[in-house]
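Below is the file final.csv, which contains CSV, N, CA and C atoms.
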```csv
chain,number,residue,atom,x,y,z
B,1,MET,N,89.4,-166.2,66.8
B,1,MET,CA,90.3,-167.0,66.0
B,1,MET,C,89.6,-167.5,64.8
B,2,LEU,N,90.2,-167.4,63.7
B,2,LEU,CA,89.6,-167.8,62.4
B,2,LEU,C,89.7,-169.3,62.2
B,3,SER,N,88.7,-169.9,61.7
B,3,SER,CA,88.7,-171.3,61.3
B,3,SER,C,89.5,-171.5,60.0
B,4,PHE,N,89.9,-172.7,59.7
B,4,PHE,CA,90.6,-173.0,58.5
B,4,PHE,C,89.8,-172.5,57.3
B,5,ARG,N,88.5,-172.8,57.3
B,5,ARG,CA,87.6,-172.5,56.2
B,5,ARG,C,87.5,-171.0,56.0
B,6,ASP,N,87.5,-170.2,57.1
B,6,ASP,CA,87.4,-168.8,57.0
B,6,ASP,C,88.7,-168.2,56.4
B,7,ARG,N,89.8,-168.8,56.8
B,7,ARG,CA,91.1,-168.4,56.2
B,7,ARG,C,91.2,-168.6,54.7
B,8,VAL,N,90.7,-169.8,54.3
B,8,VAL,CA,90.7,-170.2,52.9
B,8,VAL,C,89.8,-169.2,52.2
B,9,TRP,N,88.6,-168.9,52.7
B,9,TRP,CA,87.7,-168.0,52.1
B,9,TRP,C,88.3,-166.6,51.9
B,10,LEU,N,89.0,-166.1,52.9
B,10,LEU,CA,89.7,-164.8,52.8
B,10,LEU,C,90.8,-164.8,51.8
B,11,ARG,N,91.5,-165.9,51.7
B,11,ARG,CA,92.6,-166.0,50.7
B,11,ARG,C,92.1,-166.1,49.3
B,12,VAL,N,91.0,-166.8,49.1
B,12,VAL,CA,90.3,-166.8,47.8
B,12,VAL,C,89.9,-165.4,47.4
B,13,THR,N,89.3,-164.7,48.3
B,13,THR,CA,88.8,-163.4,48.1
B,13,THR,C,90.0,-162.5,47.7
B,14,VAL,N,91.1,-162.6,48.4
B,14,VAL,CA,92.3,-161.8,48.1
B,14,VAL,C,92.8,-162.1,46.7
B,15,GLY,N,92.8,-163.4,46.4
B,15,GLY,CA,93.3,-163.8,45.0
B,15,GLY,C,92.4,-163.3,43.9
B,16,TRP,N,91.1,-163.3,44.1
B,16,TRP,CA,90.2,-162.8,43.1
B,16,TRP,C,90.3,-161.3,43.0
B,17,THR,N,90.5,-160.6,44.1
B,17,THR,CA,90.6,-159.1,44.1
B,17,THR,C,91.9,-158.8,43.3
B,18,LEU,N,93.0,-159.4,43.6
B,18,LEU,CA,94.2,-159.2,42.9
B,18,LEU,C,94.1,-159.4,41.4
B,19,PHE,N,93.5,-160.6,41.0
B,19,PHE,CA,93.3,-160.9,39.6
B,19,PHE,C,92.5,-159.8,38.9
B,20,VAL,N,91.3,-159.5,39.5
B,20,VAL,CA,90.4,-158.6,38.8
B,20,VAL,C,91.1,-157.2,38.7
B,21,TRP,N,91.7,-156.6,39.7
B,21,TRP,CA,92.2,-155.3,39.7
B,21,TRP,C,93.5,-155.3,38.8
B,22,LEU,N,94.3,-156.3,38.8
B,22,LEU,CA,95.5,-156.2,37.9
B,22,LEU,C,95.1,-156.3,36.5
B,23,VAL,N,94.2,-157.2,36.1
B,23,VAL,CA,93.7,-157.3,34.7
B,23,VAL,C,93.0,-156.0,34.3
B,24,PHE,N,92.1,-155.5,35.2
B,24,PHE,CA,91.4,-154.3,34.8
B,24,PHE,C,92.3,-153.1,34.6
B,25,THR,N,93.3,-153.0,35.5
B,25,THR,CA,94.2,-151.9,35.4
B,25,THR,C,95.1,-152.0,34.2
B,26,LYS,N,95.5,-153.2,33.8
B,26,LYS,CA,96.3,-153.4,32.6
B,26,LYS,C,95.5,-153.0,31.4
B,27,ASN,N,94.2,-153.4,31.4
B,27,ASN,CA,93.4,-153.1,30.2
B,27,ASN,C,93.0,-151.6,30.1
B,28,ILE,N,92.8,-151.0,31.3
B,28,ILE,CA,92.5,-149.5,31.2
B,28,ILE,C,93.7,-148.7,30.8
B,29,VAL,N,94.8,-149.0,31.4
B,29,VAL,CA,96.0,-148.2,31.1
B,29,VAL,C,96.4,-148.3,29.6
B,30,GLY,N,96.2,-149.4,29.1
B,30,GLY,CA,96.5,-149.6,27.7
B,30,GLY,C,95.5,-149.2,26.7
B,31,ASP,N,94.3,-148.7,27.2
B,31,ASP,CA,93.2,-148.3,26.3
B,31,ASP,C,93.3,-146.8,26.0
B,32,PRO,N,93.5,-146.4,24.8
B,32,PRO,CA,93.6,-145.0,24.4
B,32,PRO,C,92.3,-144.2,24.5
B,33,LYS,N,91.2,-144.9,24.6
B,33,LYS,CA,89.9,-144.3,24.6
B,33,LYS,C,89.6,-143.5,25.9
B,34,HIS,N,90.3,-143.9,27.0
B,34,HIS,CA,90.0,-143.3,28.3
B,34,HIS,C,91.0,-142.1,28.6
B,35,SER,N,90.4,-141.1,29.3
B,35,SER,CA,91.2,-139.9,29.6
B,35,SER,C,92.2,-140.3,30.7
B,36,PHE,N,93.2,-139.3,30.9
B,36,PHE,CA,94.2,-139.5,32.0
B,36,PHE,C,93.5,-139.5,33.3
B,37,GLY,N,92.5,-138.7,33.5
B,37,GLY,CA,91.8,-138.6,34.8
B,37,GLY,C,91.1,-139.9,35.2
B,38,PHE,N,90.4,-140.5,34.2
B,38,PHE,CA,89.7,-141.8,34.3
B,38,PHE,C,90.7,-142.9,34.7
B,39,LYS,N,91.9,-142.9,34.0
B,39,LYS,CA,92.9,-143.9,34.3
B,39,LYS,C,93.5,-143.7,35.7
B,40,ALA,N,93.8,-142.4,36.1
B,40,ALA,CA,94.4,-142.1,37.4
B,40,ALA,C,93.4,-142.5,38.5
B,41,VAL,N,92.2,-142.2,38.4
B,41,VAL,CA,91.2,-142.6,39.4
B,41,VAL,C,91.1,-144.1,39.6
B,42,HIS,N,91.1,-144.8,38.5
B,42,HIS,CA,91.0,-146.3,38.5
B,42,HIS,C,92.3,-147.0,39.0
B,43,VAL,N,93.4,-146.4,38.7
B,43,VAL,CA,94.7,-146.9,39.2
B,43,VAL,C,94.7,-146.7,40.7
B,44,ALA,N,94.3,-145.5,41.1
B,44,ALA,CA,94.3,-145.3,42.6
B,44,ALA,C,93.3,-146.2,43.3
B,45,LEU,N,92.2,-146.5,42.7
B,45,LEU,CA,91.2,-147.5,43.3
B,45,LEU,C,91.9,-148.9,43.4
B,46,ALA,N,92.6,-149.2,42.3
B,46,ALA,CA,93.3,-150.5,42.3
B,46,ALA,C,94.3,-150.6,43.4
B,47,ILE,N,95.1,-149.6,43.5
B,47,ILE,CA,96.1,-149.6,44.6
B,47,ILE,C,95.5,-149.7,45.9
B,48,VAL,N,94.5,-149.0,46.2
B,48,VAL,CA,93.8,-149.1,47.5
B,48,VAL,C,93.2,-150.5,47.7
B,49,SER,N,92.6,-151.0,46.7
B,49,SER,CA,92.0,-152.4,46.8
B,49,SER,C,93.1,-153.4,47.0
B,50,ILE,N,94.2,-153.3,46.4
B,50,ILE,CA,95.3,-154.3,46.5
B,50,ILE,C,96.0,-154.1,47.9
B,51,VAL,N,96.1,-152.9,48.4
B,51,VAL,CA,96.7,-152.8,49.7
B,51,VAL,C,95.7,-153.4,50.8
B,52,LEU,N,94.4,-153.1,50.6
B,52,LEU,CA,93.5,-153.7,51.5
B,52,LEU,C,93.5,-155.3,51.4
B,53,ALA,N,93.7,-155.8,50.2
B,53,ALA,CA,93.7,-157.2,50.0
B,53,ALA,C,94.9,-157.8,50.8
B,54,PHE,N,96.1,-157.2,50.7
B,54,PHE,CA,97.2,-157.6,51.5
B,54,PHE,C,97.0,-157.6,53.0
B,55,GLY,N,96.2,-156.6,53.4
B,55,GLY,CA,95.8,-156.5,54.8
B,55,GLY,C,95.0,-157.7,55.2
B,56,VAL,N,94.0,-158.0,54.4
B,56,VAL,CA,93.2,-159.2,54.7
B,56,VAL,C,94.0,-160.5,54.7
B,57,TRP,N,95.0,-160.6,53.8
B,57,TRP,CA,95.8,-161.8,53.8
B,57,TRP,C,96.6,-161.8,55.1
B,58,ALA,N,97.1,-160.7,55.6
B,58,ALA,CA,97.8,-160.7,56.8
B,58,ALA,C,97.0,-161.1,58.0
B,59,VAL,N,95.7,-160.7,58.0
B,59,VAL,CA,94.8,-161.1,59.1
B,59,VAL,C,94.6,-162.6,59.0
B,60,ALA,N,94.4,-163.1,57.8
B,60,ALA,CA,94.2,-164.6,57.7
B,60,ALA,C,95.4,-165.3,58.2
B,61,ASN,N,96.6,-164.8,57.9
B,61,ASN,CA,97.9,-165.5,58.4
B,61,ASN,C,98.0,-165.3,59.9
B,62,ARG,N,97.6,-164.2,60.4
B,62,ARG,CA,97.8,-164.0,61.9
B,62,ARG,C,96.9,-165.0,62.6
B,63,GLY,N,95.7,-165.3,62.1
B,63,GLY,CA,94.8,-166.2,62.7
B,63,GLY,C,95.5,-167.6,62.7
B,64,ARG,N,96.2,-168.0,61.6
B,64,ARG,CA,96.8,-169.2,61.5
B,64,ARG,C,98.0,-169.4,62.5
B,65,LYS,N,98.7,-168.3,62.7
B,65,LYS,CA,99.9,-168.3,63.6
B,65,LYS,C,99.4,-168.4,65.1
B,66,ARG,N,98.3,-167.8,65.4
B,66,ARG,CA,97.7,-167.9,66.7
B,66,ARG,C,97.2,-169.3,67.0
B,67,GLU,N,96.7,-169.9,66.0
B,67,GLU,CA,96.2,-171.3,66.2
B,67,GLU,C,97.3,-172.2,66.5
B,68,ARG,N,98.5,-172.0,65.8
B,68,ARG,CA,99.6,-172.9,66.0
B,68,ARG,C,100.2,-172.7,67.5
B,69,VAL,N,100.2,-171.5,67.9
B,69,VAL,CA,100.6,-171.2,69.3
B,69,VAL,C,99.8,-171.9,70.3
B,70,HIS,N,98.5,-171.9,70.1
B,70,HIS,CA,97.5,-172.4,71.1
B,70,HIS,C,97.5,-173.9,71.0
B,71,ASN,N,97.9,-174.6,70.0
B,71,ASN,CA,97.9,-176.0,69.9
B,71,ASN,C,99.0,-176.7,70.5
```
Spell out the structure here as structure tokens.
Amino acid sequence: MLSFRDRVWLRVTVGWTLFVWLVFTKNIVGDPKHSFGFKAVHVALAIVSIVLAFGVWAVANRGRKRERVHN
């Protein structure tokens, strides 16, 4: 079971991950200096990272729901 502090830490990490990848992706896609391949690889990395971040968020929420059930 995750503590409140652990859940907050996970959520902050998810927020930071989303912020970094969304800004980075926006900047890369809009930059004409990079090739299509470079952009495609980094967009794919962003998608994988964002999906993983949502998975971490779900784990943090699941810990919260379990705590409510046990109290």
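Between atom CA of B:Phe24 and atom C of B:Ile50 lies a distance of 13.9 Å.
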Extract, using only C-alpha atoms, all DNA, RNA and protein residues at most 9 Å from B:Leu18, discarding same-chain residues fewer than 6 positions from it, and format them as an mmCIF file with N, CA and C atoms, in the coordinates of the input.
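Generated file (around_19.cif):
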```cif
data_model
loop_
_atom_site.group_PDB
_atom_site.id
_atom_site.type_symbol
_atom_site.label_atom_id
_atom_site.label_comp_id
_atom_site.auth_asym_id
_atom_site.auth_seq_id
_atom_site.Cartn_x
_atom_site.Cartn_y
_atom_site.Cartn_z
ATOM 1 N N ALA B 46 92.600 -149.200 42.300
ATOM 2 C CA ALA B 46 93.300 -150.500 42.300
ATOM 3 C C ALA B 46 94.300 -150.600 43.400
ATOM 4 N N SER B 49 92.600 -151.000 46.700
ATOM 5 C CA SER B 49 92.000 -152.400 46.800
ATOM 6 C C SER B 49 93.100 -153.400 47.000
ATOM 7 N N ILE B 50 94.200 -153.300 46.400
ATOM 8 C CA ILE B 50 95.300 -154.300 46.500
ATOM 9 C C ILE B 50 96.000 -154.100 47.900
ATOM 10 N N ALA B 53 93.700 -155.800 50.200
ATOM 11 C CA ALA B 53 93.700 -157.200 50.000
ATOM 12 C C ALA B 53 94.900 -157.800 50.800
#
```
Dump as an mmCIF file with N, CA and C atoms, keeping the file's coordinate frame all residues having an atom at most 12 Å from (97.5, -157.4, 43.3), computed in the file's coordinates with only C-alpha atoms.
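The result, written out as out.cif:
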```
data_model
loop_
_atom_site.group_PDB
_atom_site.id
_atom_site.type_symbol
_atom_site.label_atom_id
_atom_site.label_comp_id
_atom_site.auth_asym_id
_atom_site.auth_seq_id
_atom_site.Cartn_x
_atom_site.Cartn_y
_atom_site.Cartn_z
ATOM 1 N N THR B 13 89.300 -164.700 48.300
ATOM 2 C CA THR B 13 88.800 -163.400 48.100
ATOM 3 C C THR B 13 90.000 -162.500 47.700
ATOM 4 N N VAL B 14 91.100 -162.600 48.400
ATOM 5 C CA VAL B 14 92.300 -161.800 48.100
ATOM 6 C C VAL B 14 92.800 -162.100 46.700
ATOM 7 N N GLY B 15 92.800 -163.400 46.400
ATOM 8 C CA GLY B 15 93.300 -163.800 45.000
ATOM 9 C C GLY B 15 92.400 -163.300 43.900
ATOM 10 N N TRP B 16 91.100 -163.300 44.100
ATOM 11 C CA TRP B 16 90.200 -162.800 43.100
ATOM 12 C C TRP B 16 90.300 -161.300 43.000
ATOM 13 N N THR B 17 90.500 -160.600 44.100
ATOM 14 C CA THR B 17 90.600 -159.100 44.100
ATOM 15 C C THR B 17 91.900 -158.800 43.300
ATOM 16 N N LEU B 18 93.000 -159.400 43.600
ATOM 17 C CA LEU B 18 94.200 -159.200 42.900
ATOM 18 C C LEU B 18 94.100 -159.400 41.400
ATOM 19 N N PHE B 19 93.500 -160.600 41.000
ATOM 20 C CA PHE B 19 93.300 -160.900 39.600
ATOM 21 C C PHE B 19 92.500 -159.800 38.900
ATOM 22 N N VAL B 20 91.300 -159.500 39.500
ATOM 23 C CA VAL B 20 90.400 -158.600 38.800
ATOM 24 C C VAL B 20 91.100 -157.200 38.700
ATOM 25 N N TRP B 21 91.700 -156.600 39.700
ATOM 26 C CA TRP B 21 92.200 -155.300 39.700
ATOM 27 C C TRP B 21 93.500 -155.300 38.800
ATOM 28 N N LEU B 22 94.300 -156.300 38.800
ATOM 29 C CA LEU B 22 95.500 -156.200 37.900
ATOM 30 C C LEU B 22 95.100 -156.300 36.500
ATOM 31 N N VAL B 23 94.200 -157.200 36.100
ATOM 32 C CA VAL B 23 93.700 -157.300 34.700
ATOM 33 C C VAL B 23 93.000 -156.000 34.300
ATOM 34 N N PHE B 24 92.100 -155.500 35.200
ATOM 35 C CA PHE B 24 91.400 -154.300 34.800
ATOM 36 C C PHE B 24 92.300 -153.100 34.600
ATOM 37 N N THR B 25 93.300 -153.000 35.500
ATOM 38 C CA THR B 25 94.200 -151.900 35.400
ATOM 39 C C THR B 25 95.100 -152.000 34.200
ATOM 40 N N LYS B 26 95.500 -153.200 33.800
ATOM 41 C CA LYS B 26 96.300 -153.400 32.600
ATOM 42 C C LYS B 26 95.500 -153.000 31.400
ATOM 43 N N VAL B 43 93.400 -146.400 38.700
ATOM 44 C CA VAL B 43 94.700 -146.900 39.200
ATOM 45 C C VAL B 43 94.700 -146.700 40.700
ATOM 46 N N LEU B 45 92.200 -146.500 42.700
ATOM 47 C CA LEU B 45 91.200 -147.500 43.300
ATOM 48 C C LEU B 45 91.900 -148.900 43.400
ATOM 49 N N ALA B 46 92.600 -149.200 42.300
ATOM 50 C CA ALA B 46 93.300 -150.500 42.300
ATOM 51 C C ALA B 46 94.300 -150.600 43.400
ATOM 52 N N ILE B 47 95.100 -149.600 43.500
ATOM 53 C CA ILE B 47 96.100 -149.600 44.600
ATOM 54 C C ILE B 47 95.500 -149.700 45.900
ATOM 55 N N VAL B 48 94.500 -149.000 46.200
ATOM 56 C CA VAL B 48 93.800 -149.100 47.500
ATOM 57 C C VAL B 48 93.200 -150.500 47.700
ATOM 58 N N SER B 49 92.600 -151.000 46.700
ATOM 59 C CA SER B 49 92.000 -152.400 46.800
ATOM 60 C C SER B 49 93.100 -153.400 47.000
ATOM 61 N N ILE B 50 94.200 -153.300 46.400
ATOM 62 C CA ILE B 50 95.300 -154.300 46.500
ATOM 63 C C ILE B 50 96.000 -154.100 47.900
ATOM 64 N N VAL B 51 96.100 -152.900 48.400
ATOM 65 C CA VAL B 51 96.700 -152.800 49.700
ATOM 66 C C VAL B 51 95.700 -153.400 50.800
ATOM 67 N N LEU B 52 94.400 -153.100 50.600
ATOM 68 C CA LEU B 52 93.500 -153.700 51.500
ATOM 69 C C LEU B 52 93.500 -155.300 51.400
ATOM 70 N N ALA B 53 93.700 -155.800 50.200
ATOM 71 C CA ALA B 53 93.700 -157.200 50.000
ATOM 72 C C ALA B 53 94.900 -157.800 50.800
ATOM 73 N N PHE B 54 96.100 -157.200 50.700
ATOM 74 C CA PHE B 54 97.200 -157.600 51.500
ATOM 75 C C PHE B 54 97.000 -157.600 53.000
ATOM 76 N N GLY B 55 96.200 -156.600 53.400
ATOM 77 C CA GLY B 55 95.800 -156.500 54.800
ATOM 78 C C GLY B 55 95.000 -157.700 55.200
ATOM 79 N N TRP B 57 95.000 -160.600 53.800
ATOM 80 C CA TRP B 57 95.800 -161.800 53.800
ATOM 81 C C TRP B 57 96.600 -161.800 55.100
#
```
Exercise for the section: Rounded to one decimal place, report the atom N of B:Arg7-atom N of B:Val56 distance in Å. Expected result: 11.8 Å
